[in-house]
Amino acid sequence: MKTPFLDTARRVIRAEAAALETLAERLDDHFRSAIDLMRTCKGRVIVTGIGKSGHIAKKIAATLASTGTPAQFVHPAEASHGDLGMITAADVVLAISNSGEAPELSNLIAYSRRFDIPLIGMTSRPDSALGNQSDVILALPQLGEACGTGAVPTISTTMTLALGDALAVALMENRAFTAEHFRNFHPGGKLGAQFSRVRDLMHTGDAVPLVPEDAGMARAIEEISTKAFGVTGVIDNQGRLTGVITTGDLGRHIEGLMALNARDVMSRAPVTIGPDDLAERAVGIMNARKINCLMVVDPAEPGLPAGLLHIHDCLRVGLG
């Protein structure tokens, strides 16, 4: 049975979804002009707003900064008490006010006019104080609010947030912002882990278990147990990887094992990965193959082992 609460929730969400469709349809050359100002800015995009618009402005500034557009939120009230010094002639100001009449913005707007700092106004009232002073106006459709009384910012803040996201993504694509760039700005948490490269996590040098093809099994077993990965790579006399020996291989050759050498026991043509591949791809390969390790081979040095990646290395950073 439907409840009034669900009816209200669906009404609000549908109203906001419809508002976003209207916003998308009404985008025009003013959006392109705003992008041009932000794209060619030599300094930072200064994002400002008060109240709910201020909360949205903080998120927009953070999204811009994390996607390749230097940005900073400046609180308009604090700006009047010294923080105007954070804004330079090389910056662009993005001021957000649904009504366009927030008195807290007045000093910051005047400052931008006095020092010829480009001003982008995001407002639903182009004829407001903010709209009249702006070099570029990003007009929000006047569609009321989802609360029914028009008093609670809902539809207006959703449109503001979406328009900020549209600016950030348009700028990101214009800058050819890559996954590697994104990782540089997100080294921590799940996002950072998703963009980790194999070379960031792999073991190298003496930590990599390796034995020559003609090594006796006593040496191979010692390498497996000492390096503690449950595997050792096997290399030919040119140092190229020709196989791997796992604890499973040892069990399959248990009869007469100690009379054999590494070449006799190894699994040939092992699955490998490159150091510049995403660690997330390595996890996918290990899960699909039901293995715990991958030998790392650099395409620039065909066949030569560059390292070893263990599933635990990926789990430690949040992958898997």
# chains A, B, ... in the order shown; residues from 1 in each chain; ligands from 1
>>> residues_around(residues="Gly216 (chain A)", least_positions_apart="4", cutoff="10 Å", atoms="only C-alpha atoms", output="number ranges by chain")
A: 211-212, 220-221, 257-264
>>> residues_around(residues="region 162-174 of chain A", least_positions_apart="6", cutoff="12 Å", atoms="only C-alpha atoms", output="PDB file with C-alpha atoms, in the first residue's frame")
ATOM      1  CA  GLU A  16      13.422  18.026  -9.748  1.00  0.00           C
ATOM      2  CA  ALA A  17      13.997  15.653 -12.673  1.00  0.00           C
ATOM      3  CA  ALA A  19      13.395  20.883 -13.803  1.00  0.00           C
ATOM      4  CA  LEU A  20      16.724  19.439 -14.924  1.00  0.00           C
ATOM      5  CA  GLU A  21      15.231  18.616 -18.334  1.00  0.00           C
ATOM      6  CA  THR A  22      14.046  22.206 -18.645  1.00  0.00           C
ATOM      7  CA  LEU A  23      17.464  23.507 -17.597  1.00  0.00           C
ATOM      8  CA  ALA A  24      19.212  21.349 -20.193  1.00  0.00           C
ATOM      9  CA  ARG A  26      17.462  26.231 -22.098  1.00  0.00           C
ATOM     10  CA  LEU A  27      21.262  26.193 -22.113  1.00  0.00           C
ATOM     11  CA  HIS A  30      25.885  32.146 -22.213  1.00  0.00           C
ATOM     12  CA  PHE A  31      27.078  28.726 -21.054  1.00  0.00           C
ATOM     13  CA  ARG A  32      29.746  28.714 -23.774  1.00  0.00           C
ATOM     14  CA  SER A  33      30.827  32.217 -22.749  1.00  0.00           C
ATOM     15  CA  ALA A  34      31.164  31.099 -19.124  1.00  0.00           C
ATOM     16  CA  ILE A  35      33.265  28.136 -20.205  1.00  0.00           C
ATOM     17  CA  ASP A  36      35.517  30.401 -22.265  1.00  0.00           C
ATOM     18  CA  LEU A  37      36.110  32.701 -19.281  1.00  0.00           C
ATOM     19  CA  MET A  38      36.925  29.786 -16.976  1.00  0.00           C
ATOM     20  CA  ARG A  39      38.987  27.929 -19.571  1.00  0.00           C
ATOM     21  CA  THR A  40      41.255  30.892 -20.317  1.00  0.00           C
ATOM     22  CA  CYS A  41      41.522  32.021 -16.702  1.00  0.00           C
ATOM     23  CA  VAL A  45      37.770  30.187 -10.431  1.00  0.00           C
ATOM     24  CA  VAL A  47      33.140  30.311  -6.365  1.00  0.00           C
ATOM     25  CA  SER A  53      23.771  28.525  -2.515  1.00  0.00           C
ATOM     26  CA  ILE A  56      26.336  24.214  -3.427  1.00  0.00           C
ATOM     27  CA  ALA A  57      29.151  26.643  -4.283  1.00  0.00           C
ATOM     28  CA  LYS A  58      31.567  24.704  -2.054  1.00  0.00           C
ATOM     29  CA  LYS A  59      30.745  21.501  -3.883  1.00  0.00           C
ATOM     30  CA  ILE A  60      31.142  23.144  -7.298  1.00  0.00           C
ATOM     31  CA  ALA A  61      34.539  24.564  -6.307  1.00  0.00           C
ATOM     32  CA  ALA A  62      35.651  21.128  -5.102  1.00  0.00           C
ATOM     33  CA  THR A  63      34.469  19.453  -8.311  1.00  0.00           C
ATOM     34  CA  LEU A  64      36.221  22.017 -10.492  1.00  0.00           C
ATOM     35  CA  ALA A  65      39.464  21.676  -8.544  1.00  0.00           C
ATOM     36  CA  SER A  66      39.415  17.876  -8.705  1.00  0.00           C
ATOM     37  CA  THR A  67      38.873  17.810 -12.467  1.00  0.00           C
ATOM     38  CA  GLY A  68      41.657  20.106 -13.589  1.00  0.00           C
ATOM     39  CA  THR A  69      40.232  23.627 -13.122  1.00  0.00           C
ATOM     40  CA  PRO A  70      41.940  25.434 -10.202  1.00  0.00           C
ATOM     41  CA  ALA A  71      39.123  26.686  -7.982  1.00  0.00           C
ATOM     42  CA  LEU A  94      31.418  32.548 -10.170  1.00  0.00           C
ATOM     43  CA  ALA A  95      28.783  34.038  -7.853  1.00  0.00           C
ATOM     44  CA  ILE A  96      25.678  32.021  -7.031  1.00  0.00           C
ATOM     45  CA  ILE A 120      29.819  34.998 -13.889  1.00  0.00           C
ATOM     46  CA  GLY A 121      26.445  35.194 -12.178  1.00  0.00           C
ATOM     47  CA  MET A 122      24.345  32.064 -11.631  1.00  0.00           C
ATOM     48  CA  THR A 123      20.818  33.202 -10.759  1.00  0.00           C
ATOM     49  CA  LEU A 138      23.895  31.607 -16.274  1.00  0.00           C
ATOM     50  CA  ALA A 139      20.138  31.853 -15.857  1.00  0.00           C
ATOM     51  CA  LEU A 140      18.265  29.204 -13.906  1.00  0.00           C
ATOM     52  CA  PRO A 141      14.643  28.643 -15.004  1.00  0.00           C
ATOM     53  CA  ILE A 155      14.459  22.513  -7.279  1.00  0.00           C
ATOM     54  CA  SER A 156      16.640  25.624  -7.412  1.00  0.00           C
ATOM     55  CA  HIS A 181      45.287  13.306 -14.102  1.00  0.00           C
ATOM     56  CA  PHE A 182      42.276  12.321 -12.026  1.00  0.00           C
TER      57      PHE A 182
END
>>> select_by_dssp(residues="region 61-107 of chain A", states="helix (DSSP H, G or I)", output="ChimeraX atom specification")
/A:61-66,76-79,83-86,103-107
>>> atom_distance(atom1="CA of Gly274 (chain A)", atom2="CA of Met217 (chain A)")
28.2 Å
>>> residues_around(residues="region 75-86 of chain A", least_positions_apart="4", cutoff="9 Å", atoms="only C-alpha atoms", output="PyMOL selection string")
chain A and resi 46-50+54+104-108+111
>>> select_by_dssp(residues="region 87-133 of chain A", states="strand (DSSP E)", output="PyMOL selection string")
chain A and resi 92-96+119-123
>>> write_last_selection(atoms="N, CA and C atoms", output="PDB file, in the first residue's frame")
ATOM      1  N   VAL A  92      38.667  34.415 -12.028  1.00  0.00           N
ATOM      2  CA  VAL A  92      37.292  34.593 -12.497  1.00  0.00           C
ATOM      3  C   VAL A  92      36.383  34.284 -11.315  1.00  0.00           C
ATOM      4  N   VAL A  93      35.365  35.099 -11.108  1.00  0.00           N
ATOM      5  CA  VAL A  93      34.425  34.878 -10.009  1.00  0.00           C
ATOM      6  C   VAL A  93      33.145  34.249 -10.544  1.00  0.00           C
ATOM      7  N   LEU A  94      32.718  33.159  -9.898  1.00  0.00           N
ATOM      8  CA  LEU A  94      31.418  32.548 -10.170  1.00  0.00           C
ATOM      9  C   LEU A  94      30.568  32.759  -8.917  1.00  0.00           C
ATOM     10  N   ALA A  95      29.627  33.694  -8.995  1.00  0.00           N
ATOM     11  CA  ALA A  95      28.783  34.038  -7.853  1.00  0.00           C
ATOM     12  C   ALA A  95      27.407  33.413  -8.034  1.00  0.00           C
ATOM     13  N   ILE A  96      26.934  32.766  -6.955  1.00  0.00           N
ATOM     14  CA  ILE A  96      25.678  32.021  -7.031  1.00  0.00           C
ATOM     15  C   ILE A  96      24.663  32.608  -6.061  1.00  0.00           C
ATOM     16  N   LEU A 119      33.148  38.365 -13.949  1.00  0.00           N
ATOM     17  CA  LEU A 119      32.123  37.886 -13.021  1.00  0.00           C
ATOM     18  C   LEU A 119      31.061  37.100 -13.777  1.00  0.00           C
ATOM     19  N   ILE A 120      30.885  35.843 -13.362  1.00  0.00           N
ATOM     20  CA  ILE A 120      29.819  34.998 -13.889  1.00  0.00           C
ATOM     21  C   ILE A 120      28.751  34.905 -12.807  1.00  0.00           C
ATOM     22  N   GLY A 121      27.535  35.269 -13.135  1.00  0.00           N
ATOM     23  CA  GLY A 121      26.445  35.194 -12.178  1.00  0.00           C
ATOM     24  C   GLY A 121      25.533  34.026 -12.481  1.00  0.00           C
ATOM     25  N   MET A 122      25.277  33.181 -11.473  1.00  0.00           N
ATOM     26  CA  MET A 122      24.345  32.064 -11.631  1.00  0.00           C
ATOM     27  C   MET A 122      23.107  32.399 -10.792  1.00  0.00           C
ATOM     28  N   THR A 123      21.999  32.708 -11.451  1.00  0.00           N
ATOM     29  CA  THR A 123      20.818  33.202 -10.759  1.00  0.00           C
ATOM     30  C   THR A 123      19.564  32.923 -11.586  1.00  0.00           C
TER      31      THR A 123
END
>>> atom_distance(atom1="CA of Pro153 (chain A)", atom2="CA of Gln133 (chain A)")
23.7 Å
>>> residues_around(residues="Thr232 (chain A)", least_positions_apart="5", cutoff="12 Å", atoms="only C-alpha atoms", output="PyMOL selection string")
chain A and resi 207-213+215+217+219-227+241-250+262+265-267+270+293-295+305+307-308
>>> write_last_selection(atoms="N, CA and C atoms", output="JSON list (two decimals), in the first residue's frame")
[["chain", "number", "residue", "atom", "x", "y", "z"],
["A", 207, "ALA", "N", 62.96, -8.76, -3.99],
["A", 207, "ALA", "CA", 61.72, -9.27, -3.41],
["A", 207, "ALA", "C", 60.98, -10.21, -4.37],
["A", 208, "VAL", "N", 61.34, -10.17, -5.67],
["A", 208, "VAL", "CA", 60.65, -10.99, -6.67],
["A", 208, "VAL", "C", 61.27, -12.38, -6.70],
["A", 209, "PRO", "N", 60.47, -13.43, -6.47],
["A", 209, "PRO", "CA", 61.02, -14.80, -6.50],
["A", 209, "PRO", "C", 61.30, -15.25, -7.93],
["A", 210, "LEU", "N", 62.53, -15.60, -8.20],
["A", 210, "LEU", "CA", 62.95, -16.06, -9.53],
["A", 210, "LEU", "C", 64.00, -17.15, -9.39],
["A", 211, "VAL", "N", 63.90, -18.15, -10.25],
["A", 211, "VAL", "CA", 64.94, -19.19, -10.33],
["A", 211, "VAL", "C", 65.20, -19.50, -11.79],
["A", 212, "PRO", "N", 66.42, -19.95, -12.13],
["A", 212, "PRO", "CA", 66.69, -20.35, -13.51],
["A", 212, "PRO", "C", 66.03, -21.68, -13.84],
["A", 213, "GLU", "N", 65.86, -21.95, -15.12],
["A", 213, "GLU", "CA", 65.18, -23.17, -15.55],
["A", 213, "GLU", "C", 65.86, -24.43, -15.05],
["A", 215, "ALA", "N", 67.45, -24.85, -12.29],
["A", 215, "ALA", "CA", 67.57, -24.91, -10.83],
["A", 215, "ALA", "C", 66.90, -26.17, -10.29],
["A", 217, "MET", "N", 64.84, -28.48, -7.49],
["A", 217, "MET", "CA", 63.60, -28.15, -6.79],
["A", 217, "MET", "C", 63.85, -27.69, -5.36],
["A", 219, "ARG", "N", 66.06, -25.56, -4.48],
["A", 219, "ARG", "CA", 66.21, -24.11, -4.59],
["A", 219, "ARG", "C", 64.88, -23.44, -4.90],
["A", 220, "ALA", "N", 64.09, -24.06, -5.79],
["A", 220, "ALA", "CA", 62.80, -23.48, -6.14],
["A", 220, "ALA", "C", 61.88, -23.40, -4.92],
["A", 221, "ILE", "N", 61.85, -24.48, -4.13],
["A", 221, "ILE", "CA", 61.01, -24.51, -2.94],
["A", 221, "ILE", "C", 61.47, -23.46, -1.93],
["A", 222, "GLU", "N", 62.78, -23.32, -1.80],
["A", 222, "GLU", "CA", 63.32, -22.30, -0.89],
["A", 222, "GLU", "C", 62.89, -20.89, -1.34],
["A", 223, "GLU", "N", 62.93, -20.63, -2.65],
["A", 223, "GLU", "CA", 62.53, -19.32, -3.18],
["A", 223, "GLU", "C", 61.04, -19.06, -2.91],
["A", 224, "ILE", "N", 60.24, -20.10, -3.11],
["A", 224, "ILE", "CA", 58.79, -19.95, -2.87],
["A", 224, "ILE", "C", 58.51, -19.65, -1.41],
["A", 225, "SER", "N", 59.16, -20.38, -0.51],
["A", 225, "SER", "CA", 58.89, -20.21, 0.92],
["A", 225, "SER", "C", 59.52, -18.95, 1.48],
["A", 226, "THR", "N", 60.72, -18.59, 1.03],
["A", 226, "THR", "CA", 61.42, -17.42, 1.56],
["A", 226, "THR", "C", 60.74, -16.12, 1.14],
["A", 227, "LYS", "N", 60.35, -16.04, -0.13],
["A", 227, "LYS", "CA", 59.71, -14.81, -0.62],
["A", 227, "LYS", "C", 58.24, -14.74, -0.24],
["A", 241, "LEU", "N", 61.30, -14.50, -18.74],
["A", 241, "LEU", "CA", 60.35, -15.33, -18.01],
["A", 241, "LEU", "C", 59.79, -16.40, -18.93],
["A", 242, "THR", "N", 59.94, -17.65, -18.53],
["A", 242, "THR", "CA", 59.43, -18.76, -19.35],
["A", 242, "THR", "C", 58.35, -19.56, -18.64],
["A", 243, "GLY", "N", 58.19, -19.33, -17.34],
["A", 243, "GLY", "CA", 57.17, -20.07, -16.62],
["A", 243, "GLY", "C", 57.09, -19.64, -15.17],
["A", 244, "VAL", "N", 56.17, -20.28, -14.44],
["A", 244, "VAL", "CA", 56.06, -20.07, -13.00],
["A", 244, "VAL", "C", 55.84, -21.41, -12.33],
["A", 245, "ILE", "N", 56.26, -21.48, -11.08],
["A", 245, "ILE", "CA", 55.99, -22.66, -10.25],
["A", 245, "ILE", "C", 55.19, -22.20, -9.05],
["A", 246, "THR", "N", 54.02, -22.81, -8.87],
["A", 246, "THR", "CA", 53.17, -22.51, -7.73],
["A", 246, "THR", "C", 53.15, -23.71, -6.78],
["A", 247, "THR", "N", 52.58, -23.51, -5.61],
["A", 247, "THR", "CA", 52.46, -24.63, -4.69],
["A", 247, "THR", "C", 51.59, -25.73, -5.31],
["A", 248, "GLY", "N", 50.65, -25.36, -6.17],
["A", 248, "GLY", "CA", 49.85, -26.35, -6.87],
["A", 248, "GLY", "C", 50.69, -27.21, -7.80],
["A", 249, "ASP", "N", 51.66, -26.57, -8.49],
["A", 249, "ASP", "CA", 52.57, -27.32, -9.37],
["A", 249, "ASP", "C", 53.39, -28.31, -8.55],
["A", 250, "LEU", "N", 53.80, -27.91, -7.36],
["A", 250, "LEU", "CA", 54.57, -28.82, -6.51],
["A", 250, "LEU", "C", 53.76, -30.06, -6.17],
["A", 262, "ALA", "N", 63.47, -26.99, -12.25],
["A", 262, "ALA", "CA", 62.40, -26.00, -12.42],
["A", 262, "ALA", "C", 61.72, -26.14, -13.78],
["A", 265, "VAL", "N", 58.90, -28.77, -13.85],
["A", 265, "VAL", "CA", 57.73, -28.58, -12.99],
["A", 265, "VAL", "C", 56.91, -27.35, -13.36],
["A", 266, "MET", "N", 57.54, -26.36, -13.95],
["A", 266, "MET", "CA", 56.89, -25.06, -14.16],
["A", 266, "MET", "C", 55.70, -25.14, -15.10],
["A", 267, "SER", "N", 54.76, -24.23, -14.91],
["A", 267, "SER", "CA", 53.67, -24.01, -15.85],
["A", 267, "SER", "C", 54.16, -22.99, -16.87],
["A", 270, "PRO", "N", 53.03, -18.23, -18.58],
["A", 270, "PRO", "CA", 52.20, -17.71, -17.48],
["A", 270, "PRO", "C", 51.48, -16.42, -17.86],
["A", 293, "CYS", "N", 48.66, -14.21, -7.72],
["A", 293, "CYS", "CA", 49.81, -13.40, -8.12],
["A", 293, "CYS", "C", 49.84, -13.25, -9.64],
["A", 294, "LEU", "N", 50.47, -12.17, -10.05],
["A", 294, "LEU", "CA", 50.78, -11.97, -11.47],
["A", 294, "LEU", "C", 52.23, -11.52, -11.58],
["A", 295, "MET", "N", 52.97, -12.14, -12.46],
["A", 295, "MET", "CA", 54.29, -11.63, -12.78],
["A", 295, "MET", "C", 54.11, -10.40, -13.67],
["A", 305, "PRO", "N", 61.17, -10.08, -16.49],
["A", 305, "PRO", "CA", 60.29, -9.78, -15.36],
["A", 305, "PRO", "C", 60.68, -8.46, -14.68],
["A", 307, "GLY", "N", 58.61, -7.25, -12.01],
["A", 307, "GLY", "CA", 58.09, -7.27, -10.65],
["A", 307, "GLY", "C", 57.05, -8.35, -10.48],
["A", 308, "LEU", "N", 56.40, -8.32, -9.31],
["A", 308, "LEU", "CA", 55.34, -9.26, -8.99],
["A", 308, "LEU", "C", 54.25, -8.52, -8.23]]
>>> closest_residue(among="A:His55, A:Arg44, A:Arg11, A:His312", to="Leu161 (chain A)", atoms="only C-alpha atoms")
A:His55
